[in-house]
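> One file: my_file00.cif (mmCIF, C-alpha atoms and all ligand atoms).
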```
data_final
loop_
_atom_site.group_PDB
_atom_site.id
_atom_site.type_symbol
_atom_site.label_atom_id
_atom_site.label_comp_id
_atom_site.auth_asym_id
_atom_site.auth_seq_id
_atom_site.Cartn_x
_atom_site.Cartn_y
_atom_site.Cartn_z
ATOM 1 C CA MET A 1283 42.843 35.956 44.523
ATOM 2 C CA THR A 1284 43.947 38.255 47.358
ATOM 3 C CA PRO A 1285 42.362 41.732 47.722
ATOM 4 C CA LEU A 1286 45.671 43.230 46.563
ATOM 5 C CA ASP A 1287 45.665 41.067 43.416
ATOM 6 C CA LYS A 1288 42.048 42.056 42.772
ATOM 7 C CA LEU A 1289 42.895 45.749 43.081
ATOM 8 C CA ILE A 1290 45.825 45.309 40.689
ATOM 9 C CA THR A 1291 43.512 43.581 38.193
ATOM 10 C CA TYR A 1292 41.084 46.535 38.356
ATOM 11 C CA PHE A 1293 43.847 49.050 37.758
ATOM 12 C CA GLU A 1294 45.212 46.952 34.915
ATOM 13 C CA ARG A 1295 41.871 47.339 33.079
ATOM 14 C CA PHE A 1296 42.211 51.135 33.153
ATOM 15 C CA PRO A 1297 42.916 52.652 29.711
ATOM 16 C CA GLY A 1298 46.605 52.801 28.871
ATOM 17 C CA THR A 1299 47.657 50.907 32.001
ATOM 18 C CA GLY A 1300 49.872 47.833 32.015
ATOM 19 C CA LEU A 1301 50.521 45.358 34.816
ATOM 20 C CA ARG A 1302 53.603 47.173 36.059
ATOM 21 C CA GLN A 1303 51.791 50.481 36.361
ATOM 22 C CA ALA A 1304 48.743 48.773 37.902
ATOM 23 C CA LYS A 1305 50.988 47.346 40.624
ATOM 24 C CA ARG A 1306 52.473 50.789 41.293
ATOM 25 C CA PHE A 1307 48.962 52.232 41.681
ATOM 26 C CA ALA A 1308 47.962 49.471 44.100
ATOM 27 C CA PHE A 1309 51.086 49.928 46.221
ATOM 28 C CA HIS A 1310 50.501 53.680 46.176
ATOM 29 C CA VAL A 1311 47.042 53.085 47.676
ATOM 30 C CA LEU A 1312 48.770 51.192 50.510
ATOM 31 C CA THR A 1313 50.786 54.315 51.370
ATOM 32 C CA LEU A 1314 47.738 56.623 51.608
ATOM 33 C CA ARG A 1315 46.471 57.902 54.964
ATOM 34 C CA PRO A 1316 43.155 56.400 56.182
ATOM 35 C CA ASP A 1317 41.248 59.651 55.460
ATOM 36 C CA GLN A 1318 42.630 59.743 51.905
ATOM 37 C CA VAL A 1319 41.610 56.127 51.308
ATOM 38 C CA GLN A 1320 38.140 56.998 52.622
ATOM 39 C CA GLU A 1321 37.859 59.956 50.295
ATOM 40 C CA LEU A 1322 39.090 57.979 47.272
ATOM 41 C CA ALA A 1323 36.701 55.119 47.985
ATOM 42 C CA GLY A 1324 33.842 57.607 48.447
ATOM 43 C CA LEU A 1325 34.596 59.334 45.137
ATOM 44 C CA ILE A 1326 34.663 56.029 43.288
ATOM 45 C CA THR A 1327 31.350 55.031 44.861
ATOM 46 C CA SER A 1328 29.558 58.311 44.122
ATOM 47 C CA ILE A 1329 31.051 59.412 40.799
ATOM 48 C CA GLN A 1330 28.465 57.687 38.615
ATOM 49 C CA ASN A 1331 25.653 59.509 40.421
ATOM 50 C CA SER A 1332 27.235 62.957 40.255
ATOM 51 C CA VAL A 1333 28.161 62.815 36.571
ATOM 52 C CA VAL A 1334 25.601 62.786 33.773
ATOM 53 C CA GLU A 1335 25.971 61.826 30.121
ATOM 54 C CA CYS A 1336 24.856 64.605 27.772
ATOM 55 C CA THR A 1337 21.876 63.457 25.713
ATOM 56 C CA THR A 1338 23.170 65.301 22.642
ATOM 57 C CA CYS A 1339 26.960 64.913 22.467
ATOM 58 C CA HIS A 1340 27.272 62.027 24.979
ATOM 59 C CA ARG A 1341 30.147 63.534 26.916
ATOM 60 C CA PHE A 1342 30.078 63.274 30.690
ATOM 61 C CA PHE A 1343 29.510 66.412 32.730
ATOM 62 C CA SER A 1344 29.119 67.163 36.429
ATOM 63 C CA ASP A 1345 25.542 67.364 37.526
ATOM 64 C CA SER A 1346 25.225 70.586 39.486
ATOM 65 C CA GLY A 1347 21.925 69.418 40.940
ATOM 66 C CA ILE A 1348 19.790 71.260 38.364
ATOM 67 C CA ARG A 1349 19.243 67.998 36.455
ATOM 68 C CA GLN A 1350 20.263 69.262 33.038
ATOM 69 C CA THR A 1351 20.135 66.724 30.240
ATOM 70 C CA GLU A 1352 22.475 68.660 27.951
ATOM 71 C CA CYS A 1353 26.031 69.756 28.757
ATOM 72 C CA SER A 1354 27.154 73.381 28.870
ATOM 73 C CA ILE A 1355 28.735 73.178 25.395
ATOM 74 C CA CYS A 1356 25.573 71.872 23.708
ATOM 75 C CA ARG A 1357 23.429 74.436 25.561
ATOM 76 C CA ASN A 1358 25.703 77.355 24.652
ATOM 77 C CA SER A 1359 24.071 79.401 21.893
ATOM 78 C CA ASN A 1360 27.267 81.378 21.387
ATOM 79 C CA ARG A 1361 28.946 78.272 19.986
ATOM 80 C CA ASP A 1362 28.816 77.550 16.268
ATOM 81 C CA HIS A 1363 26.331 74.699 16.000
ATOM 82 C CA SER A 1364 27.011 74.358 12.253
ATOM 83 C CA LYS A 1365 30.356 72.671 13.002
ATOM 84 C CA LEU A 1366 30.188 69.174 14.475
ATOM 85 C CA LEU A 1367 33.481 67.651 15.604
ATOM 86 C CA ILE A 1368 33.469 63.909 16.212
ATOM 87 C CA VAL A 1369 35.936 62.397 18.689
ATOM 88 C CA SER A 1370 36.328 58.921 20.100
ATOM 89 C CA ARG A 1371 36.568 59.816 23.816
ATOM 90 C CA ASP A 1372 35.635 62.497 26.358
ATOM 91 C CA SER A 1373 39.307 63.178 27.057
ATOM 92 C CA ASP A 1374 39.783 64.282 23.423
ATOM 93 C CA ILE A 1375 37.201 67.050 23.965
ATOM 94 C CA GLU A 1376 39.104 68.223 27.037
ATOM 95 C CA ALA A 1377 42.300 68.461 24.983
ATOM 96 C CA ILE A 1378 40.564 70.458 22.226
ATOM 97 C CA GLU A 1379 38.808 72.743 24.726
ATOM 98 C CA ARG A 1380 42.193 73.446 26.373
ATOM 99 C CA SER A 1381 43.474 74.706 23.019
ATOM 100 C CA GLY A 1382 40.582 77.209 23.041
ATOM 101 C CA VAL A 1383 40.333 77.461 19.253
ATOM 102 C CA PHE A 1384 37.261 75.404 18.459
ATOM 103 C CA ASP A 1385 33.890 77.132 18.864
ATOM 104 C CA GLY A 1386 31.689 74.408 17.393
ATOM 105 C CA VAL A 1387 30.009 71.438 19.064
ATOM 106 C CA TYR A 1388 31.047 67.831 19.627
ATOM 107 C CA PHE A 1389 29.942 64.241 19.476
ATOM 108 C CA VAL A 1390 31.626 61.455 21.468
ATOM 109 C CA LEU A 1391 31.605 58.255 19.428
ATOM 110 C CA GLY A 1392 32.590 56.173 22.444
ATOM 111 C CA GLY A 1393 35.571 54.341 20.983
ATOM 112 C CA THR A 1394 37.562 53.583 17.883
ATOM 113 C CA ILE A 1395 37.105 50.825 15.371
ATOM 114 C CA SER A 1396 40.099 48.591 15.270
ATOM 115 C CA LEU A 1397 41.400 47.723 11.854
ATOM 116 C CA LEU A 1398 41.506 44.107 12.975
ATOM 117 C CA SER A 1399 38.032 43.916 14.505
ATOM 118 C CA ASN A 1400 35.148 42.014 13.015
ATOM 119 C CA SER A 1401 32.959 44.451 11.082
ATOM 120 C CA SER A 1402 29.773 42.936 12.508
ATOM 121 C CA GLN A 1403 30.804 44.109 15.988
ATOM 122 C CA HIS A 1404 30.880 47.789 15.075
ATOM 123 C CA PRO A 1405 27.352 48.899 15.997
ATOM 124 C CA GLU A 1406 27.581 47.818 19.648
ATOM 125 C CA LYS A 1407 31.018 49.276 20.179
ATOM 126 C CA VAL A 1408 30.369 52.840 19.081
ATOM 127 C CA ARG A 1409 27.347 55.163 19.018
ATOM 128 C CA THR A 1410 26.589 54.914 15.313
ATOM 129 C CA SER A 1411 22.809 55.251 15.518
ATOM 130 C CA ALA A 1412 22.989 58.136 18.020
ATOM 131 C CA LEU A 1413 25.375 59.921 15.660
ATOM 132 C CA LYS A 1414 23.113 59.367 12.662
ATOM 133 C CA ALA A 1415 20.129 60.621 14.686
ATOM 134 C CA LEU A 1416 21.996 63.764 15.750
ATOM 135 C CA VAL A 1417 23.192 64.522 12.210
ATOM 136 C CA THR A 1418 19.666 63.980 10.863
ATOM 137 C CA ASP A 1419 18.216 66.279 13.560
ATOM 138 C CA LYS A 1420 20.742 68.955 12.735
ATOM 139 C CA ILE A 1421 20.034 68.639 9.006
ATOM 140 C CA ASN A 1422 16.299 68.954 9.675
ATOM 141 C CA SER A 1423 16.834 72.087 11.728
ATOM 142 C CA LYS A 1424 19.203 73.370 9.009
ATOM 143 C CA THR A 1425 22.023 74.004 11.465
ATOM 144 C CA LEU A 1426 24.730 71.690 10.131
ATOM 145 C CA LYS A 1427 27.388 72.679 7.587
ATOM 146 C CA GLU A 1428 30.585 70.844 8.465
ATOM 147 C CA ILE A 1429 31.536 67.522 10.042
ATOM 148 C CA ILE A 1430 35.077 67.332 11.395
ATOM 149 C CA LEU A 1431 36.487 63.864 11.995
ATOM 150 C CA ALA A 1432 39.031 64.172 14.789
ATOM 151 C CA PHE A 1433 40.473 60.763 15.470
ATOM 152 C CA SER A 1434 44.031 59.897 16.397
ATOM 153 C CA ILE A 1435 46.544 59.602 13.572
ATOM 154 C CA ASN A 1436 47.060 55.844 13.652
ATOM 155 C CA PRO A 1437 45.563 52.903 11.720
ATOM 156 C CA ASP A 1438 42.603 52.525 14.110
ATOM 157 C CA GLY A 1439 41.885 56.263 14.017
ATOM 158 C CA GLU A 1440 41.973 56.275 10.219
ATOM 159 C CA ASN A 1441 39.782 53.193 10.090
ATOM 160 C CA THR A 1442 37.292 54.916 12.424
ATOM 161 C CA SER A 1443 37.233 57.963 10.119
ATOM 162 C CA ARG A 1444 36.437 55.729 7.137
ATOM 163 C CA TYR A 1445 33.748 53.908 9.098
ATOM 164 C CA VAL A 1446 32.008 57.099 10.288
ATOM 165 C CA GLU A 1447 32.158 58.581 6.813
ATOM 166 C CA SER A 1448 30.662 55.480 5.240
ATOM 167 C CA GLN A 1449 27.883 55.464 7.844
ATOM 168 C CA LEU A 1450 27.075 59.114 7.147
ATOM 169 C CA SER A 1451 27.822 59.104 3.396
ATOM 170 C CA GLU A 1452 24.210 59.314 2.260
ATOM 171 C CA LEU A 1453 23.405 62.189 4.633
ATOM 172 C CA ILE A 1454 26.625 63.937 3.613
ATOM 173 C CA THR A 1455 26.059 63.801 -0.146
ATOM 174 C CA GLN A 1456 22.323 64.476 -0.033
ATOM 175 C CA ASN A 1457 22.800 67.560 2.074
ATOM 176 C CA ASN A 1458 26.052 68.807 0.633
ATOM 177 C CA LEU A 1459 27.834 68.740 3.992
ATOM 178 C CA GLU A 1460 31.501 69.532 4.218
ATOM 179 C CA VAL A 1461 33.706 66.829 5.729
ATOM 180 C CA SER A 1462 37.144 67.577 7.082
ATOM 181 C CA TYR A 1463 39.844 65.740 8.955
ATOM 182 C CA LEU A 1464 41.973 66.874 11.810
ATOM 183 C CA GLY A 1465 45.357 65.726 10.740
ATOM 184 C CA ARG A 1466 48.055 68.007 9.508
ATOM 185 C CA GLY A 1467 50.243 69.062 12.405
ATOM 186 C CA LEU A 1468 49.416 66.045 14.511
ATOM 187 C CA SER A 1469 52.282 63.610 14.230
ATOM 188 C CA THR A 1470 51.687 60.064 13.074
ATOM 189 C CA GLY A 1471 50.731 57.725 15.868
ATOM 190 C CA SER A 1472 49.853 60.548 18.218
ATOM 191 C CA GLU A 1473 46.881 60.355 20.538
ATOM 192 C CA LEU A 1474 44.687 63.430 20.404
ATOM 193 C CA GLU A 1475 44.198 63.576 24.169
ATOM 194 C CA TYR A 1476 47.944 64.003 24.768
ATOM 195 C CA ALA A 1477 48.503 66.607 22.053
ATOM 196 C CA ASP A 1478 49.455 70.061 23.311
ATOM 197 C CA PRO A 1479 47.138 73.059 22.704
ATOM 198 C CA GLU A 1480 49.413 74.572 20.025
ATOM 199 C CA THR A 1481 49.455 71.319 18.013
ATOM 200 C CA ILE A 1482 45.670 71.025 18.189
ATOM 201 C CA LYS A 1483 45.324 74.651 17.165
ATOM 202 C CA ASN A 1484 47.439 73.983 14.047
ATOM 203 C CA ALA A 1485 45.675 70.721 13.253
ATOM 204 C CA LEU A 1486 42.299 72.504 13.378
ATOM 205 C CA ALA A 1487 43.443 75.507 11.375
ATOM 206 C CA HIS A 1488 44.902 73.233 8.696
ATOM 207 C CA ARG A 1489 42.217 70.599 8.642
ATOM 208 C CA THR A 1490 41.967 68.873 5.284
ATOM 209 C CA HIS A 1491 38.699 69.040 3.403
ATOM 210 C CA HIS A 1492 37.192 66.112 1.665
ATOM 211 C CA GLU A 1493 36.661 66.555 -2.056
ATOM 212 C CA GLN A 1494 33.012 66.052 -2.930
ATOM 213 C CA THR A 1495 32.548 63.905 -6.006
HETATM 214 ZN ZN ZN B 1501 26.720 67.927 25.118
#
```
Let's see the structure in the file written out as C-alpha cells.


Amino acid sequence: MTPLDKLITYFERFPGTGLRQAKRFAFHVLTLRPDQVQELAGLITSIQNSVVECTTCHRFFSDSGIRQTECSICRNSNRDHSKLLIVSRDSDIEAIERSGVFDGVYFVLGGTISLLSNSSQHPEKVRTSALKALVTDKINSKTLKEIILAFSINPDGENTSRYVESQLSELITQNNLEVSYLGRGLSTGSELEYADPETIKNALAHRTHHEQT
C-alpha cells in the first residue's frame, strides 16, 4: 500500500466519510503548503494530550493546563443539574449548546446501538455502567429530576433510546424520575449534530414526556 493509499484509508474511517470524499481529502493535503502540512501533522500528534475527557459527562474539552477533571458545563453551578440530557456523541452537545436553550447537564453515551447489532455487544460499545453510576450518584445527592433522551430520529436512535431506558428503568421507577424524548420538530432521519439551532430549540421545548405506569 502506498503512503497515499494509506492516507486515503485513514480518511475513509472518519465518521460520515466515503471513499470518494476520503480521496478528495488526501489530494487536498497534497495541495497544502509545507508549513500547513507541518501544522496539521503537529495538531494530529498533540491533540490527544491537549484534550481531556470529562470524568462526569465524558465529553472532550481542551485542557487549559489547570488539569481539571470536569468540563466547564459540569462545573457550572448556574446550570440546572436536575436535568440530564443524554446524547450519543460530543458533536450533539455542540449543536445543542449552539441553540443556547438548554441549561441542564449532559452525558455522552459514546455511540448508538444499531437495531441490527448483537445485543451481547452493547456494554462495550457504549458507556452503560458509567451512565448508571452517574444517575445513581445524582439520585443519592437528590439532584436529579428529569432524564432527556436526545438521540437522532432514525431506527438506531430510537433503538438506543429504548436500550438506555431499559438499562435505567429500575432507577427511573424507584425514584420517580421524569423521562422525556427530544423528538417533535426534528425531522425523521435527521442527525442531531446537523440540526439548526431553531429546530433544536423547538425539539427541546416540545419534548415528549414518558407516561409513568
Ligand atoms: Zn462534563

> Rank nothing, just name the residue among A:Leu1474, A:Val1461, A:Leu1426, A:Val1390 nearest to ligand ZN 1501 (chain B), using all atoms listed in the file.

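Going through A:Leu1474, A:Val1461, A:Leu1426, A:Val1390 one by one, the smallest distance to ligand ZN 1501 (chain B) is for A:Val1390.
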
> Using the chain letters and numbering of this document, enumerate as JSON, numbers by chain the residues selected by the PyMOL selection byres (((not hetatm)) within 12 of (chain B and resi 1501)).

{"A": [1334, 1335, 1336, 1337, 1338, 1339, 1340, 1341, 1342, 1343, 1344, 1350, 1351, 1352, 1353, 1354, 1355, 1356, 1357, 1358, 1361, 1363, 1366, 1367, 1368, 1372, 1375, 1386, 1387, 1388, 1389, 1390, 1416]}

> Store the residues of this selection in a file with C-alpha atoms, as a JSON list (two decimals), keeping the file's coordinate frame.


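The resulting selection15.json:
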```
[["chain", "number", "residue", "atom", "x", "y", "z"],
["A", 1334, "VAL", "CA", 25.60, 62.79, 33.77],
["A", 1335, "GLU", "CA", 25.97, 61.83, 30.12],
["A", 1336, "CYS", "CA", 24.86, 64.60, 27.77],
["A", 1337, "THR", "CA", 21.88, 63.46, 25.71],
["A", 1338, "THR", "CA", 23.17, 65.30, 22.64],
["A", 1339, "CYS", "CA", 26.96, 64.91, 22.47],
["A", 1340, "HIS", "CA", 27.27, 62.03, 24.98],
["A", 1341, "ARG", "CA", 30.15, 63.53, 26.92],
["A", 1342, "PHE", "CA", 30.08, 63.27, 30.69],
["A", 1343, "PHE", "CA", 29.51, 66.41, 32.73],
["A", 1344, "SER", "CA", 29.12, 67.16, 36.43],
["A", 1350, "GLN", "CA", 20.26, 69.26, 33.04],
["A", 1351, "THR", "CA", 20.14, 66.72, 30.24],
["A", 1352, "GLU", "CA", 22.48, 68.66, 27.95],
["A", 1353, "CYS", "CA", 26.03, 69.76, 28.76],
["A", 1354, "SER", "CA", 27.15, 73.38, 28.87],
["A", 1355, "ILE", "CA", 28.74, 73.18, 25.40],
["A", 1356, "CYS", "CA", 25.57, 71.87, 23.71],
["A", 1357, "ARG", "CA", 23.43, 74.44, 25.56],
["A", 1358, "ASN", "CA", 25.70, 77.36, 24.65],
["A", 1361, "ARG", "CA", 28.95, 78.27, 19.99],
["A", 1363, "HIS", "CA", 26.33, 74.70, 16.00],
["A", 1366, "LEU", "CA", 30.19, 69.17, 14.48],
["A", 1367, "LEU", "CA", 33.48, 67.65, 15.60],
["A", 1368, "ILE", "CA", 33.47, 63.91, 16.21],
["A", 1372, "ASP", "CA", 35.64, 62.50, 26.36],
["A", 1375, "ILE", "CA", 37.20, 67.05, 23.96],
["A", 1386, "GLY", "CA", 31.69, 74.41, 17.39],
["A", 1387, "VAL", "CA", 30.01, 71.44, 19.06],
["A", 1388, "TYR", "CA", 31.05, 67.83, 19.63],
["A", 1389, "PHE", "CA", 29.94, 64.24, 19.48],
["A", 1390, "VAL", "CA", 31.63, 61.46, 21.47],
["A", 1416, "LEU", "CA", 22.00, 63.76, 15.75]]
```

> By how many Å are CA of Ile1395 (chain A) and CA of Asp1438 (chain A) apart?

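It comes out at 5.9 Å.
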
> Give me the residues near region 1443-1449 of chain A as a PDB file with C-alpha atoms, keeping the file's coordinate frame, where near means some atom within 10 Å (using only C-alpha atoms) and where sequence neighbours in that chain fewer than 6 positions away do not count.


```pdb
ATOM      1  CA  ILE A1368      33.469  63.909  16.212  1.00  0.00           C
ATOM      2  CA  VAL A1369      35.936  62.397  18.689  1.00  0.00           C
ATOM      3  CA  LEU A1391      31.605  58.255  19.428  1.00  0.00           C
ATOM      4  CA  THR A1394      37.562  53.583  17.883  1.00  0.00           C
ATOM      5  CA  ILE A1395      37.105  50.825  15.371  1.00  0.00           C
ATOM      6  CA  SER A1401      32.959  44.451  11.082  1.00  0.00           C
ATOM      7  CA  HIS A1404      30.880  47.789  15.075  1.00  0.00           C
ATOM      8  CA  VAL A1408      30.369  52.840  19.081  1.00  0.00           C
ATOM      9  CA  THR A1410      26.589  54.914  15.313  1.00  0.00           C
ATOM     10  CA  SER A1411      22.809  55.251  15.518  1.00  0.00           C
ATOM     11  CA  LEU A1413      25.375  59.921  15.660  1.00  0.00           C
ATOM     12  CA  LYS A1414      23.113  59.367  12.662  1.00  0.00           C
ATOM     13  CA  ILE A1429      31.536  67.522  10.042  1.00  0.00           C
ATOM     14  CA  ILE A1430      35.077  67.332  11.395  1.00  0.00           C
ATOM     15  CA  LEU A1431      36.487  63.864  11.995  1.00  0.00           C
ATOM     16  CA  ALA A1432      39.031  64.172  14.789  1.00  0.00           C
ATOM     17  CA  PHE A1433      40.473  60.763  15.470  1.00  0.00           C
ATOM     18  CA  SER A1434      44.031  59.897  16.397  1.00  0.00           C
ATOM     19  CA  PRO A1437      45.563  52.903  11.720  1.00  0.00           C
ATOM     20  CA  VAL A1461      33.706  66.829   5.729  1.00  0.00           C
ATOM     21  CA  TYR A1463      39.844  65.740   8.955  1.00  0.00           C
TER      22      TYR A1463
END
```

> If you apply the PyMOL selection byres (((chain A and resi 1283-1286) around 9) and not hetatm) to this file, what residues do you get, as a list in words?

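Evaluating the PyMOL selection byres (((chain A and resi 1283-1286) around 9) and not hetatm) on these coordinates yields Asp1287, Lys1288, Leu1289, Ile1290, Thr1291, Lys1305, Ala1308 and Phe1309 of chain A.
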
> Please rebuild region 1310-1340 of chain A with N, CA and C atoms and give the result as a CSV table (one decimal), keeping the file's coordinate frame.


```
chain,number,residue,atom,x,y,z
A,1310,HIS,N,50.7,52.3,45.8
A,1310,HIS,CA,50.5,53.7,46.2
A,1310,HIS,C,49.3,53.8,47.1
A,1311,VAL,N,48.2,53.1,46.8
A,1311,VAL,CA,47.0,53.1,47.7
A,1311,VAL,C,47.4,52.7,49.1
A,1312,LEU,N,48.3,51.7,49.2
A,1312,LEU,CA,48.8,51.2,50.5
A,1312,LEU,C,49.5,52.3,51.3
A,1313,THR,N,50.1,53.3,50.6
A,1313,THR,CA,50.8,54.3,51.4
A,1313,THR,C,49.9,55.5,51.8
A,1314,LEU,N,48.6,55.5,51.3
A,1314,LEU,CA,47.7,56.6,51.6
A,1314,LEU,C,47.3,56.6,53.1
A,1315,ARG,N,47.0,57.8,53.6
A,1315,ARG,CA,46.5,57.9,55.0
A,1315,ARG,C,45.0,57.4,55.0
A,1316,PRO,N,44.5,56.9,56.1
A,1316,PRO,CA,43.2,56.4,56.2
A,1316,PRO,C,42.1,57.4,55.6
A,1317,ASP,N,42.3,58.7,55.9
A,1317,ASP,CA,41.2,59.7,55.5
A,1317,ASP,C,41.3,59.8,53.9
A,1318,GLN,N,42.5,59.7,53.4
A,1318,GLN,CA,42.6,59.7,51.9
A,1318,GLN,C,42.0,58.5,51.2
A,1319,VAL,N,42.2,57.4,51.9
A,1319,VAL,CA,41.6,56.1,51.3
A,1319,VAL,C,40.1,56.2,51.4
A,1320,GLN,N,39.6,56.8,52.5
A,1320,GLN,CA,38.1,57.0,52.6
A,1320,GLN,C,37.6,57.9,51.5
A,1321,GLU,N,38.3,59.0,51.3
A,1321,GLU,CA,37.9,60.0,50.3
A,1321,GLU,C,37.9,59.3,48.9
A,1322,LEU,N,39.0,58.6,48.6
A,1322,LEU,CA,39.1,58.0,47.3
A,1322,LEU,C,38.0,57.0,47.1
A,1323,ALA,N,37.8,56.1,48.1
A,1323,ALA,CA,36.7,55.1,48.0
A,1323,ALA,C,35.3,55.8,47.8
A,1324,GLY,N,35.1,56.9,48.5
A,1324,GLY,CA,33.8,57.6,48.4
A,1324,GLY,C,33.6,58.2,47.1
A,1325,LEU,N,34.7,58.8,46.5
A,1325,LEU,CA,34.6,59.3,45.1
A,1325,LEU,C,34.3,58.3,44.1
A,1326,ILE,N,34.9,57.1,44.2
A,1326,ILE,CA,34.7,56.0,43.3
A,1326,ILE,C,33.2,55.5,43.4
A,1327,THR,N,32.7,55.5,44.7
A,1327,THR,CA,31.4,55.0,44.9
A,1327,THR,C,30.3,56.0,44.3
A,1328,SER,N,30.6,57.3,44.4
A,1328,SER,CA,29.6,58.3,44.1
A,1328,SER,C,29.7,58.9,42.7
A,1329,ILE,N,30.8,58.7,42.0
A,1329,ILE,CA,31.1,59.4,40.8
A,1329,ILE,C,30.0,59.2,39.7
A,1330,GLN,N,29.5,58.0,39.7
A,1330,GLN,CA,28.5,57.7,38.6
A,1330,GLN,C,27.1,58.4,38.9
A,1331,ASN,N,26.9,58.8,40.1
A,1331,ASN,CA,25.7,59.5,40.4
A,1331,ASN,C,25.8,61.0,40.3
A,1332,SER,N,27.1,61.5,40.3
A,1332,SER,CA,27.2,63.0,40.3
A,1332,SER,C,27.6,63.4,38.9
A,1333,VAL,N,27.8,62.5,37.9
A,1333,VAL,CA,28.2,62.8,36.6
A,1333,VAL,C,27.1,62.3,35.6
A,1334,VAL,N,26.7,63.1,34.7
A,1334,VAL,CA,25.6,62.8,33.8
A,1334,VAL,C,26.1,62.7,32.3
A,1335,GLU,N,25.6,61.9,31.5
A,1335,GLU,CA,26.0,61.8,30.1
A,1335,GLU,C,25.0,62.7,29.3
A,1336,CYS,N,25.6,63.7,28.6
A,1336,CYS,CA,24.9,64.6,27.8
A,1336,CYS,C,24.0,63.8,26.7
A,1337,THR,N,22.7,64.2,26.6
A,1337,THR,CA,21.9,63.5,25.7
A,1337,THR,C,22.2,63.8,24.2
A,1338,THR,N,22.9,64.9,24.0
A,1338,THR,CA,23.2,65.3,22.6
A,1338,THR,C,24.6,64.8,22.2
A,1339,CYS,N,25.6,65.2,22.9
A,1339,CYS,CA,27.0,64.9,22.5
A,1339,CYS,C,27.5,63.7,23.2
A,1340,HIS,N,26.9,63.2,24.2
A,1340,HIS,CA,27.3,62.0,25.0
A,1340,HIS,C,28.5,62.2,25.8
```
